[in-house]
file protein_13.cif (mmCIF, C-alpha atoms)
data_protein
loop_
_atom_site.label_atom_id
_atom_site.label_comp_id
_atom_site.auth_asym_id
_atom_site.auth_seq_id
_atom_site.Cartn_x
_atom_site.Cartn_y
_atom_site.Cartn_z
CA MET A 1 17.09 -10.36 -10.74
CA THR A 2 19.99 -8.02 -9.92
CA ILE A 3 19.22 -5.86 -6.89
CA PHE A 4 21.08 -2.62 -6.13
CA THR A 5 20.50 -0.45 -3.06
CA GLY A 6 20.95 3.21 -2.21
CA LYS A 7 19.63 5.89 0.11
CA THR A 8 17.37 7.04 -2.75
CA GLU A 9 16.03 5.37 -5.89
CA ALA A 10 18.34 7.55 -8.00
CA ALA A 11 21.36 6.48 -5.96
CA ALA A 12 20.41 2.82 -6.30
CA ILE A 13 20.01 3.18 -10.08
CA THR A 14 23.40 4.92 -10.31
CA ALA A 15 24.99 2.04 -8.40
CA GLY A 16 23.46 -0.42 -10.87
CA LEU A 17 24.68 1.55 -13.90
CA ASN A 18 28.21 1.71 -12.50
CA ALA A 19 28.25 -2.03 -11.77
CA LEU A 20 26.98 -2.91 -15.25
CA ASN A 21 29.08 -0.24 -16.96
CA ALA A 22 26.01 0.90 -18.88
CA THR A 23 24.02 4.06 -19.56
CA ARG A 24 20.43 4.69 -18.47
CA GLU A 25 19.15 4.03 -22.01
CA GLN A 26 20.78 0.57 -22.06
CA VAL A 27 18.96 -0.84 -19.03
CA THR A 28 15.49 -1.44 -17.64
CA VAL A 29 14.79 -0.45 -14.03
CA GLN A 30 12.13 -1.81 -11.70
CA VAL A 31 11.70 -0.46 -8.16
CA VAL A 32 11.62 -3.39 -5.74
CA ALA A 33 11.34 -1.35 -2.53
CA ALA A 34 11.06 2.42 -2.16
CA ALA A 35 13.29 4.21 0.31
CA ARG A 36 11.66 5.30 3.52
CA LYS A 37 12.83 7.58 6.28
CA GLY A 38 10.79 5.83 8.93
CA TRP A 39 9.04 7.49 11.81
CA LEU A 40 11.41 8.98 14.37
CA GLY A 41 14.13 6.77 12.88
CA ILE A 42 12.05 3.60 13.18
CA GLY A 43 11.55 1.52 10.07
CA ARG A 44 14.18 3.28 7.92
CA ARG A 45 15.01 1.41 4.71
CA ASP A 46 17.22 2.05 1.66
CA ALA A 47 15.75 1.96 -1.83
CA GLN A 48 16.10 -1.30 -3.79
CA VAL A 49 15.94 -1.48 -7.58
CA ASP A 50 16.32 -4.27 -10.13
CA VAL A 51 18.58 -3.14 -12.99
CA GLN A 52 18.79 -5.35 -16.09
CA LEU A 53 20.56 -4.81 -19.41
CA LYS A 54 18.19 -4.52 -22.34
CA ALA A 55 18.29 -7.30 -24.93
CA PRO A 56 20.19 -6.23 -28.07
CA ALA A 57 17.93 -5.29 -30.97
CA VAL A 58 17.84 -7.84 -33.81
CA ALA A 59 18.65 -6.17 -37.12
CA SER A 60 16.11 -6.83 -39.85
CA GLN A 61 17.34 -8.41 -43.09
CA PRO A 62 17.48 -5.82 -45.88
CA THR A 63 15.51 -6.57 -49.00
CA SER A 64 18.52 -5.80 -51.15
CA ALA A 65 20.31 -8.89 -49.74
CA ALA A 66 18.12 -11.22 -51.80
CA PRO A 67 19.47 -12.34 -55.21
CA GLN A 68 18.55 -9.85 -57.95
CA PRO A 69 16.53 -11.16 -60.87
CA PRO A 70 17.40 -10.29 -64.49
CA THR A 71 16.98 -6.67 -65.62
CA SER A 72 14.01 -7.63 -67.70
CA ALA A 73 12.08 -8.47 -64.51
CA ALA A 74 12.80 -5.11 -62.83
CA ALA A 75 9.12 -4.21 -62.62
CA ALA A 76 8.30 -7.46 -60.80
CA VAL A 77 11.13 -6.89 -58.30
CA THR A 78 9.91 -3.38 -57.57
CA SER A 79 6.38 -4.64 -56.98
CA THR A 80 7.59 -7.41 -54.62
CA ALA A 81 9.83 -5.07 -52.62
CA SER A 82 7.06 -2.52 -52.08
CA ALA A 83 4.60 -5.20 -50.97
CA ALA A 84 6.92 -6.73 -48.37
CA PRO A 85 6.50 -4.07 -45.66
CA ARG A 86 2.71 -4.27 -45.96
CA GLU A 87 2.83 -8.01 -45.29
CA THR A 88 4.94 -7.71 -42.11
CA ALA A 89 2.96 -4.86 -40.53
CA PRO A 90 -0.08 -6.93 -39.46
CA ALA A 91 2.23 -9.51 -37.85
CA SER A 92 3.82 -6.91 -35.55
CA THR A 93 0.38 -5.60 -34.54
CA ALA A 94 -0.85 -9.10 -33.79
CA THR A 95 2.08 -9.88 -31.53
CA ALA A 96 1.85 -6.56 -29.66
CA THR A 97 -1.75 -7.10 -28.59
CA PRO A 98 -1.15 -10.24 -26.42
CA ALA A 99 1.86 -8.56 -24.84
CA ALA A 100 -0.28 -5.59 -23.76
CA HIS A 101 -2.86 -7.91 -22.21
CA SER A 102 -0.22 -10.00 -20.42
CA ALA A 103 1.20 -6.86 -18.77
CA GLN A 104 -2.07 -6.24 -16.89
CA PRO A 105 -1.99 -9.43 -14.72
CA ALA A 106 1.71 -8.81 -14.06
CA GLN A 107 0.97 -5.29 -12.79
CA SER A 108 -1.90 -6.59 -10.66
CA ALA A 109 0.34 -9.25 -9.12
CA GLN A 110 2.99 -6.62 -8.38
CA ASN A 111 0.44 -4.35 -6.67
CA SER A 112 -0.83 -7.26 -4.59
CA ALA A 113 2.70 -8.18 -3.51
CA GLN A 114 3.41 -4.56 -2.58
CA ARG A 115 0.19 -4.40 -0.54
CA GLN A 116 1.00 -7.60 1.36
CA ALA A 117 4.55 -6.39 2.05
CA ALA A 118 3.18 -3.12 3.48
CA ILE A 119 0.73 -5.00 5.72
CA THR A 120 3.50 -7.23 7.08
CA ALA A 121 5.72 -4.20 7.63
CA VAL A 122 3.05 -2.19 9.47
CA ALA A 123 2.61 -5.02 11.99
CA ASP A 124 6.35 -4.91 12.73
CA TYR A 125 6.16 -1.10 12.91
CA VAL A 126 3.37 -1.15 15.50
CA SER A 127 5.15 -3.86 17.52
CA THR A 128 8.29 -1.72 17.67
CA ILE A 129 6.40 1.36 18.92
CA VAL A 130 4.48 -0.63 21.54
CA ALA A 131 7.74 -2.15 22.80
CA GLN A 132 9.26 1.33 23.10
CA LEU A 133 6.28 2.31 25.27
CA GLY A 134 7.39 -0.41 27.68
CA ILE A 135 4.46 -2.70 26.85
CA GLN A 136 4.95 -6.35 25.97
CA ALA A 137 2.35 -7.32 23.38
CA THR A 138 1.82 -9.71 20.49
CA VAL A 139 0.23 -8.63 17.21
CA ASP A 140 -2.13 -10.86 15.25
CA VAL A 141 -2.72 -9.68 11.66
CA GLN A 142 -6.20 -10.30 10.22
CA GLN A 143 -7.61 -9.36 6.81
CA PRO A 144 -11.42 -9.46 6.94
CA ALA A 145 -11.58 -7.82 3.49
CA ARG A 146 -9.24 -7.11 0.56
CA ARG A 147 -8.85 -3.47 1.53
CA GLN A 148 -9.05 -3.84 5.28
CA VAL A 149 -6.51 -5.06 7.82
CA ARG A 150 -7.03 -5.56 11.53
CA LEU A 151 -4.19 -5.69 14.06
CA GLU A 152 -5.27 -7.50 17.21
CA LEU A 153 -2.91 -6.78 20.12
CA ALA A 154 -2.70 -9.06 23.17
CA THR A 155 -1.10 -7.75 26.37
CA ASP A 156 -1.54 -7.78 30.13
CA LYS A 157 -1.39 -3.96 30.14
CA GLU A 158 -4.61 -3.38 28.23
CA GLY A 159 -5.56 -0.14 30.01
CA LEU A 160 -2.17 1.41 29.38
CA LEU A 161 -2.30 0.48 25.69
CA ILE A 162 -5.85 1.81 25.25
CA GLY A 163 -5.20 5.04 27.16
CA LYS A 164 -7.69 7.58 28.51
CA HIS A 165 -10.73 7.71 26.24
CA GLY A 166 -8.82 5.46 23.80
CA ARG A 167 -6.28 8.16 22.98
CA THR A 168 -3.23 5.87 22.97
CA ILE A 169 -4.65 3.16 20.74
CA ASN A 170 -6.21 5.79 18.45
CA ALA A 171 -2.82 7.50 18.11
CA LEU A 172 -1.19 4.16 17.28
CA GLN A 173 -3.90 3.50 14.69
CA SER A 174 -3.28 6.90 13.08
CA LEU A 175 0.45 6.15 12.87
CA ALA A 176 -0.27 2.76 11.33
CA GLN A 177 -2.55 4.34 8.71
CA LEU A 178 0.11 6.93 7.84
CA PHE A 179 2.64 4.11 7.48
CA LEU A 180 0.42 2.30 4.96
CA ASN A 181 -0.28 5.54 3.08
CA HIS A 182 3.46 6.07 2.57
CA HIS A 183 4.19 2.47 1.55
CA GLY A 184 1.93 1.92 -1.43
CA ALA A 185 -1.19 0.79 0.47
CA ALA A 186 -3.13 4.04 0.90
CA HIS A 187 -6.39 2.32 -0.06
CA VAL A 188 -6.07 -0.19 2.82
CA ILE A 189 -7.87 0.76 6.05
CA VAL A 190 -6.20 -0.39 9.26
CA GLU A 191 -7.85 -0.93 12.65
CA LEU A 192 -6.04 -1.60 15.92
CA ASP A 193 -7.85 -3.42 18.71
CA VAL A 194 -7.05 -4.79 22.15
CA ALA A 195 -9.31 -6.73 24.50
CA ASP A 196 -12.32 -6.17 22.17
CA TYR A 197 -12.14 -2.41 22.87
CA ARG A 198 -13.46 -1.42 19.44
CA GLU A 199 -16.68 -3.42 19.80
CA ARG A 200 -17.29 -2.06 23.30
CA ARG A 201 -16.63 1.46 22.00
CA ARG A 202 -19.10 1.00 19.13
CA THR A 203 -21.78 -0.02 21.64
CA THR A 204 -20.99 3.04 23.78
CA LEU A 205 -21.17 5.40 20.80
CA ALA A 206 -24.48 3.97 19.61
CA ARG A 207 -25.96 4.46 23.08
CA LEU A 208 -24.53 8.00 23.25
CA ALA A 209 -26.07 8.84 19.87
CA GLU A 210 -29.55 7.63 20.83
CA ASN A 211 -29.54 9.33 24.24
CA THR A 212 -28.31 12.63 22.79
CA ALA A 213 -30.90 12.49 20.00
CA ARG A 214 -33.70 12.16 22.55
CA GLU A 215 -32.31 15.11 24.48
CA VAL A 216 -32.14 17.22 21.30
CA VAL A 217 -35.75 16.42 20.41
CA ALA A 218 -36.92 17.25 23.93
CA SER A 219 -35.03 20.56 24.17
CA GLY A 220 -35.24 21.62 20.53
CA LYS A 221 -31.61 22.76 20.70
CA PRO A 222 -28.49 21.37 19.01
CA ILE A 223 -25.88 19.53 21.06
CA TYR A 224 -22.14 19.36 20.35
CA LEU A 225 -20.49 16.09 21.29
CA ASP A 226 -16.88 15.82 22.45
CA PRO A 227 -14.22 15.78 19.70
CA MET A 228 -13.71 12.34 18.15
CA PRO A 229 -11.54 10.76 15.46
CA SER A 230 -13.16 10.53 12.05
CA PHE A 231 -14.00 6.81 12.22
CA GLU A 232 -15.90 7.34 15.49
CA ARG A 233 -17.79 10.34 14.08
CA LYS A 234 -18.88 8.13 11.18
CA GLN A 235 -20.36 5.68 13.69
CA ILE A 236 -22.44 8.47 15.26
CA HIS A 237 -23.69 9.59 11.84
CA ALA A 238 -24.55 5.99 10.91
CA ALA A 239 -26.39 5.37 14.19
CA LEU A 240 -28.74 8.33 13.57
CA ALA A 241 -28.97 8.12 9.78
CA LYS A 242 -32.52 6.73 9.92
CA ASN A 243 -33.73 8.99 12.74
CA ARG A 244 -36.22 11.40 11.13
CA HIS A 245 -36.30 13.73 14.12
CA VAL A 246 -32.65 14.84 14.12
CA THR A 247 -29.82 15.56 11.69
CA THR A 248 -26.08 15.25 12.26
CA TYR A 249 -22.98 16.92 10.84
CA SER A 250 -19.35 17.47 11.82
CA ALA A 251 -17.92 20.86 12.74
CA GLY A 252 -14.50 22.22 13.65
CA LYS A 253 -10.97 21.34 12.59
CA GLU A 254 -8.90 18.28 13.45
CA PRO A 255 -8.11 17.20 16.08
CA HIS A 256 -11.02 19.11 17.65
CA ARG A 257 -13.64 18.21 15.05
CA ALA A 258 -16.90 17.06 16.66
CA VAL A 259 -20.37 15.78 15.77
CA VAL A 260 -23.30 18.16 16.08
CA ILE A 261 -26.81 16.75 16.58
CA GLU A 262 -29.67 19.16 15.97
CA PRO A 263 -33.46 18.98 15.44
CA ALA A 264 -34.51 18.05 11.91
#
call {"tool": "encode", "arguments": {"input": "protein_13.cif", "output": "structure tokens"}}
result
Amino acid sequence: MTIFTGKTEAAAITAGLNALNATREQVTVQVVAAARKGWLGIGRRDAQVDVQLKAPAVASQPTSAAPQPPTSAAAAVTSTASAAPRETAPASTATATPAAHSAQPAQSAQNSAQRQAAITAVADYVSTIVAQLGIQATVDVQQPARRQVRLELATDKEGLLIGKHGRTINALQSLAQLFLNHHGAAHVIVELDVADYRERRRTTLARLAENTAREVVASGKPIYLDPMPSFERKQIHAALAKNRHVTTYSAGKEPHRAVVIEPA
């Protein structure tokens, strides 16, 4: 593997072509790491590409190179020459089919490696931001599911890291999700937690949903809850999904979007 770097993928490819003294048609290019600008200068990285020269094509042996039979057998020669291409065609088709199937596991392995690299990088990214906030914390990376990653932070400044109404840790979680979205892991959902805050918050939201639902049924009027991030609104909807007396929906625009609970 021959790795070349540049501020952009195009610049990295150009560097590879210059080093190999080749044109774009003479090489194969595989992107090892995409360039990223980082967030506020944090996490910046140049593009990395693997540039390899293509294998030279093997010239096929012309039919005319074979010894020519006597003139009297011209008809037989013509028949043999015309049949030769039909005999080689199935062979090329047969060899192409396994190659197509073998490319699928290779692509899957590449995607998995890219996903794992993004997860490792997002942990470093969050650690850097937390350190710049003046908070000493360790990050434990957990993967409870294939498309879910959990970053458990441990610090003696838990309140400062959580923030009022969870605003600080929610903002960090939003940054972490944006980081994954821009590094080839958009389908991975990230959750940040400290001191079991998320579980305590889920309990609080479930209690808020039930108490508000009873108030709505008693008054017969809809109630607007305070604005919440989308993952917390989903918890409110889920908590009242089986309540036949009320319905829920979200209204407003981010970041002021809120859950509305009204009589069914």
call {"tool": "closest_residue", "arguments": {"input": "protein_13.cif", "among": "A:Asp196, A:Gln177, A:Gly184, A:Arg201", "to": "His165 in chain A", "atoms": "only C-alpha atoms"}}
result
A:Arg201
call {"tool": "residues_around", "arguments": {"input": "protein_13.cif", "residues": "range 244-252 of chain A", "least_positions_apart": "6", "cutoff": "8 Å", "atoms": "only C-alpha atoms", "output": "PyMOL selection string"}}
result
chain A and resi 213+216-217+233+237+258-264
call {"tool": "axis_aligned_box", "arguments": {"input": "protein_13.cif", "around": "range 222-227 of chain A", "padding_each_side": "6 Å", "output": "lines of an AutoDock Vina configuration file"}}
result
center_x = -21.4
center_y = 18.6
center_z = 20.7
size_x = 26.3
size_y = 17.6
size_z = 15.4
call {"tool": "residues_around", "arguments": {"input": "protein_13.cif", "residues": "range 12-21 of chain A", "least_positions_apart": "6", "cutoff": "9 Å", "atoms": "only C-alpha atoms", "output": "PyMOL selection string"}}
result
chain A and resi 2-6+27+29+46-53
call {"tool": "closest_residue", "arguments": {"input": "protein_13.cif", "among": "A:Ser108, A:Thr28, A:Glu210, A:Met228", "to": "Lys242 in chain A", "atoms": "all atoms listed in the file"}}
result
A:Glu210
call {"tool": "resolve_selection", "arguments": {"input": "protein_13.cif", "expression": "the PyMOL selection byres ((chain A and resi 198) around 12)", "output": "PyMOL selection string"}}
result
chain A and resi 150-153+162+165-166+169-170+173+191-197+199-205+231-232+235
call {"tool": "closest_residue", "arguments": {"input": "protein_13.cif", "among": "A:Ala118, A:Ala131, A:Ala55, A:Val126", "to": "Ala33 in chain A", "atoms": "all atoms listed in the file"}}
result
A:Ala118
call {"tool": "residues_around", "arguments": {"input": "protein_13.cif", "residues": "Ala117 in chain A", "least_positions_apart": "3", "cutoff": "10 Å", "atoms": "all atoms listed in the file", "output": "ChimeraX atom specification"}}
result
/A:33,111-114,120-122,183-185
